[in-house]
Amino acid sequence: MSVDLVLKDGIFIENGRETIRSVSIESGKIEGVYKHGDEPQYRDSIDCRGLYVLPGLIDIHVHLRDLKQSDMEDYETGTMAAAAGGVTTVVDMPNSDPPVLDRKTLDEKIARSQELSYVNVGFYAGIPSKIENFDVQMLRDILGLKVYPHAPLDHDVVYTPERIRECTKLAVASQMPLLFHPDLPPDNKVPKDMEEFFLSHSCEDEVKSVQSFIEAKIEYEARLHVCHVSCAATARLIYENRAEDTLTSEVTPHHLFLSGGDFRHDYGVAKVLPPLRSPYDNKMLMEALCKTWAIDCVASDHAPHKKWEKTAPFLKASSGIPGLETTLPLMLTEVFEKRMAWIDYLRVCSSAPARIIGLETKGILTKGYDADIVLARIQEDTIKGNDFFSKAKITPFEGRRVLAHAVTTIVGGVVVFDDGEFVTGPGIPGKVPVQKS
Ligand code: DOR
Ligand code: ZN
Ligand code: ZN
């Protein structure tokens, strides 16, 4: 028997330890993992000596924009950024223009991304102000429902405890996880300075928001996912309410590695929601991710904006930063500097996010799983926004030293990105929309 492709003699993580293995791929799936010399016959091979053979990252929180916001990002540039960053599956948020509140908009997004994408793309939908208007036709092609209490997708809706309960009930009836941006409804006071901006998105508010969603989750036995946990106190609350896979959460690399104090005198470069917090929060979030498992996974919250929107003075600048091309270098640097074990890296970057959104054949490099793979090289470098494939090139990680980068990205057995270049056209590799197994 001859397989499609063998990734030969790469550094492979087995039982948490580095070893040398070859990975064979047949019909888009992993056919087997072999010791040197035991590989099956192949039609094609890649010499992986010196490269790490890792599962592609699964980023369950990205904003790929497109439609009326294609000047910020589109499915082509957003998924090029993913592939170049070693991310093989992304899930796109519904706060686009227009927002995903009906089947028609979802269809437009699916059509655009089928034509333009370089990786697997899944979708979330929002919930309209009148719950009874929720378009159930969306359910077959989405992976979850997402709500924004501080900036609702549909006007005229306030996230009272009653609204939270209604959304939770809808998620249960739809057999979907409910994802939410933890924050309180806006108080409609325009912040006069940076201090007021931070006060209106405080840790106290984040905790209160999580508390009220957890109450509804318990009442209706829902699946709840907390997006971008940013405060130590929130991680603690999640820890106290741990539950077998029904309460999950994510943290972004910027909330793990950056704190607000580093950007006191800067313009909007580091402006993001939730805001960057303190070094203490950074430390406790890392503990929640790797020690107590209160936080399940890493997600980038890739949120591209136009250049002028990020170079504006802080109060006028838009919130959100690009993240698809920095997650893998930052997280692997943690591994190579021995602050994170391999087993934790694999869990938080690939297997846990796949489990959270129900992708049962993704996130692990073993026989029968999808061949979504990144070959990474250990090499010291610095992050440079100008090198991004994303349209958004302003990053608060500019100049940061990292120890690794993605060299080759394989999606469904197809080599997409290799040595800085794209080797397929868009719309060829990957599944759009990605669906639950
Ligand atoms: O900083 C953010 N940017 N936080 C969000 O919740 C939304 C995102 C965006 O879409 O720009
Ligand atoms: Zn958010
Ligand atoms: Zn987001």
# chains A, B, ... in the order shown; residues from 1 in each chain; ligands from 1
$ residues_near_ligand --ligand "ligand 3" --cutoff "12 Å" --atoms "only C-alpha atoms and all ligand atoms" --output "PyMOL selection string"
chain A and resi 59-65+91-96+124+146-148+151+179-182+226-229+250-252+272-274+299-304+319-323
$ residues_around --residues "Ile20 of chain A" --least-positions-apart "5" --cutoff "7 Å" --atoms "only C-alpha atoms" --output "list of chain:residue names"
A:Asp9, A:Gly10, A:Ile11, A:Phe12
$ closest_residue --among "A:Glu39, A:Asp141, A:Glu421, A:Asp107" --to "Val23 of chain A" --atoms "only C-alpha atoms"
A:Glu39
$ residues_around --residues "Ile25 of chain A" --least-positions-apart "6" --cutoff "6 Å" --atoms "only C-alpha atoms" --output "PyMOL selection string"
chain A and resi 4-5+31
$ closest_residue --among "A:Pro433, A:Ile356, A:Asp418, A:Ser45" --to "Leu106 of chain A" --atoms "only C-alpha atoms"
A:Pro433
$ select_by_dssp --residues "segment 80-275 of chain A" --states "strand (DSSP E)" --output "PDB file with N, CA and C atoms, in the first residue's frame"
ATOM      1  N   VAL A  87      -2.273  28.013  12.253  1.00  0.00           N
ATOM      2  CA  VAL A  87      -3.644  27.778  12.716  1.00  0.00           C
ATOM      3  C   VAL A  87      -4.411  27.118  11.567  1.00  0.00           C
ATOM      4  N   THR A  88      -4.920  25.912  11.793  1.00  0.00           N
ATOM      5  CA  THR A  88      -5.555  25.172  10.694  1.00  0.00           C
ATOM      6  C   THR A  88      -7.080  25.221  10.748  1.00  0.00           C
ATOM      7  N   THR A  89      -7.649  25.637  11.886  1.00  0.00           N
ATOM      8  CA  THR A  89      -9.108  25.806  11.983  1.00  0.00           C
ATOM      9  C   THR A  89      -9.396  27.093  12.746  1.00  0.00           C
ATOM     10  N   VAL A  90     -10.290  27.910  12.183  1.00  0.00           N
ATOM     11  CA  VAL A  90     -10.723  29.123  12.886  1.00  0.00           C
ATOM     12  C   VAL A  90     -12.243  29.115  12.977  1.00  0.00           C
ATOM     13  N   VAL A  91     -12.767  29.750  14.010  1.00  0.00           N
ATOM     14  CA  VAL A  91     -14.224  29.909  14.100  1.00  0.00           C
ATOM     15  C   VAL A  91     -14.509  31.412  14.176  1.00  0.00           C
ATOM     16  N   ASP A  92     -15.340  31.839  13.221  1.00  0.00           N
ATOM     17  CA  ASP A  92     -15.556  33.254  12.942  1.00  0.00           C
ATOM     18  C   ASP A  92     -16.723  33.805  13.760  1.00  0.00           C
ATOM     19  N   ASN A 120      -9.621  25.559   7.519  1.00  0.00           N
ATOM     20  CA  ASN A 120     -11.001  25.228   7.897  1.00  0.00           C
ATOM     21  C   ASN A 120     -11.641  26.442   8.582  1.00  0.00           C
ATOM     22  N   VAL A 121     -12.873  26.741   8.201  1.00  0.00           N
ATOM     23  CA  VAL A 121     -13.560  27.888   8.815  1.00  0.00           C
ATOM     24  C   VAL A 121     -14.932  27.451   9.345  1.00  0.00           C
ATOM     25  N   GLY A 122     -15.164  27.685  10.623  1.00  0.00           N
ATOM     26  CA  GLY A 122     -16.482  27.455  11.220  1.00  0.00           C
ATOM     27  C   GLY A 122     -17.098  28.794  11.603  1.00  0.00           C
ATOM     28  N   PHE A 123     -18.377  28.767  11.994  1.00  0.00           N
ATOM     29  CA  PHE A 123     -19.099  30.014  12.270  1.00  0.00           C
ATOM     30  C   PHE A 123     -19.910  29.922  13.564  1.00  0.00           C
ATOM     31  N   LEU A 145     -23.634  29.664  19.762  1.00  0.00           N
ATOM     32  CA  LEU A 145     -24.317  30.960  19.772  1.00  0.00           C
ATOM     33  C   LEU A 145     -23.474  31.917  20.604  1.00  0.00           C
ATOM     34  N   LYS A 146     -23.335  33.161  20.093  1.00  0.00           N
ATOM     35  CA  LYS A 146     -22.465  34.113  20.792  1.00  0.00           C
ATOM     36  C   LYS A 146     -23.221  35.391  21.119  1.00  0.00           C
ATOM     37  N   VAL A 147     -23.080  35.854  22.382  1.00  0.00           N
ATOM     38  CA  VAL A 147     -23.750  37.101  22.763  1.00  0.00           C
ATOM     39  C   VAL A 147     -22.755  38.095  23.382  1.00  0.00           C
ATOM     40  N   LEU A 178     -23.417  28.095  24.505  1.00  0.00           N
ATOM     41  CA  LEU A 178     -23.617  29.549  24.532  1.00  0.00           C
ATOM     42  C   LEU A 178     -22.279  30.182  24.889  1.00  0.00           C
ATOM     43  N   LEU A 179     -21.771  31.014  23.989  1.00  0.00           N
ATOM     44  CA  LEU A 179     -20.517  31.727  24.245  1.00  0.00           C
ATOM     45  C   LEU A 179     -20.863  33.174  24.566  1.00  0.00           C
ATOM     46  N   PHE A 180     -20.127  33.803  25.465  1.00  0.00           N
ATOM     47  CA  PHE A 180     -20.412  35.210  25.741  1.00  0.00           C
ATOM     48  C   PHE A 180     -19.151  35.996  26.055  1.00  0.00           C
ATOM     49  N   LEU A 224     -21.936  26.306  28.625  1.00  0.00           N
ATOM     50  CA  LEU A 224     -21.558  27.713  28.643  1.00  0.00           C
ATOM     51  C   LEU A 224     -20.060  27.861  28.405  1.00  0.00           C
ATOM     52  N   HIS A 225     -19.691  28.797  27.527  1.00  0.00           N
ATOM     53  CA  HIS A 225     -18.269  29.057  27.277  1.00  0.00           C
ATOM     54  C   HIS A 225     -17.971  30.541  27.516  1.00  0.00           C
ATOM     55  N   VAL A 226     -17.012  30.797  28.409  1.00  0.00           N
ATOM     56  CA  VAL A 226     -16.631  32.175  28.742  1.00  0.00           C
ATOM     57  C   VAL A 226     -15.492  32.597  27.820  1.00  0.00           C
ATOM     58  N   LEU A 247     -18.968  23.873  31.576  1.00  0.00           N
ATOM     59  CA  LEU A 247     -18.498  25.245  31.747  1.00  0.00           C
ATOM     60  C   LEU A 247     -17.052  25.280  31.246  1.00  0.00           C
ATOM     61  N   THR A 248     -16.832  25.959  30.138  1.00  0.00           N
ATOM     62  CA  THR A 248     -15.488  26.040  29.566  1.00  0.00           C
ATOM     63  C   THR A 248     -15.106  27.509  29.395  1.00  0.00           C
ATOM     64  N   SER A 249     -13.809  27.738  29.177  1.00  0.00           N
ATOM     65  CA  SER A 249     -13.371  29.130  29.005  1.00  0.00           C
ATOM     66  C   SER A 249     -12.062  29.188  28.232  1.00  0.00           C
ATOM     67  N   GLU A 250     -11.751  30.376  27.772  1.00  0.00           N
ATOM     68  CA  GLU A 250     -10.533  30.599  26.981  1.00  0.00           C
ATOM     69  C   GLU A 250      -9.801  31.823  27.508  1.00  0.00           C
ATOM     70  N   VAL A 251      -8.529  31.930  27.150  1.00  0.00           N
ATOM     71  CA  VAL A 251      -7.739  33.124  27.471  1.00  0.00           C
ATOM     72  C   VAL A 251      -6.948  33.497  26.215  1.00  0.00           C
TER      73      VAL A 251
END
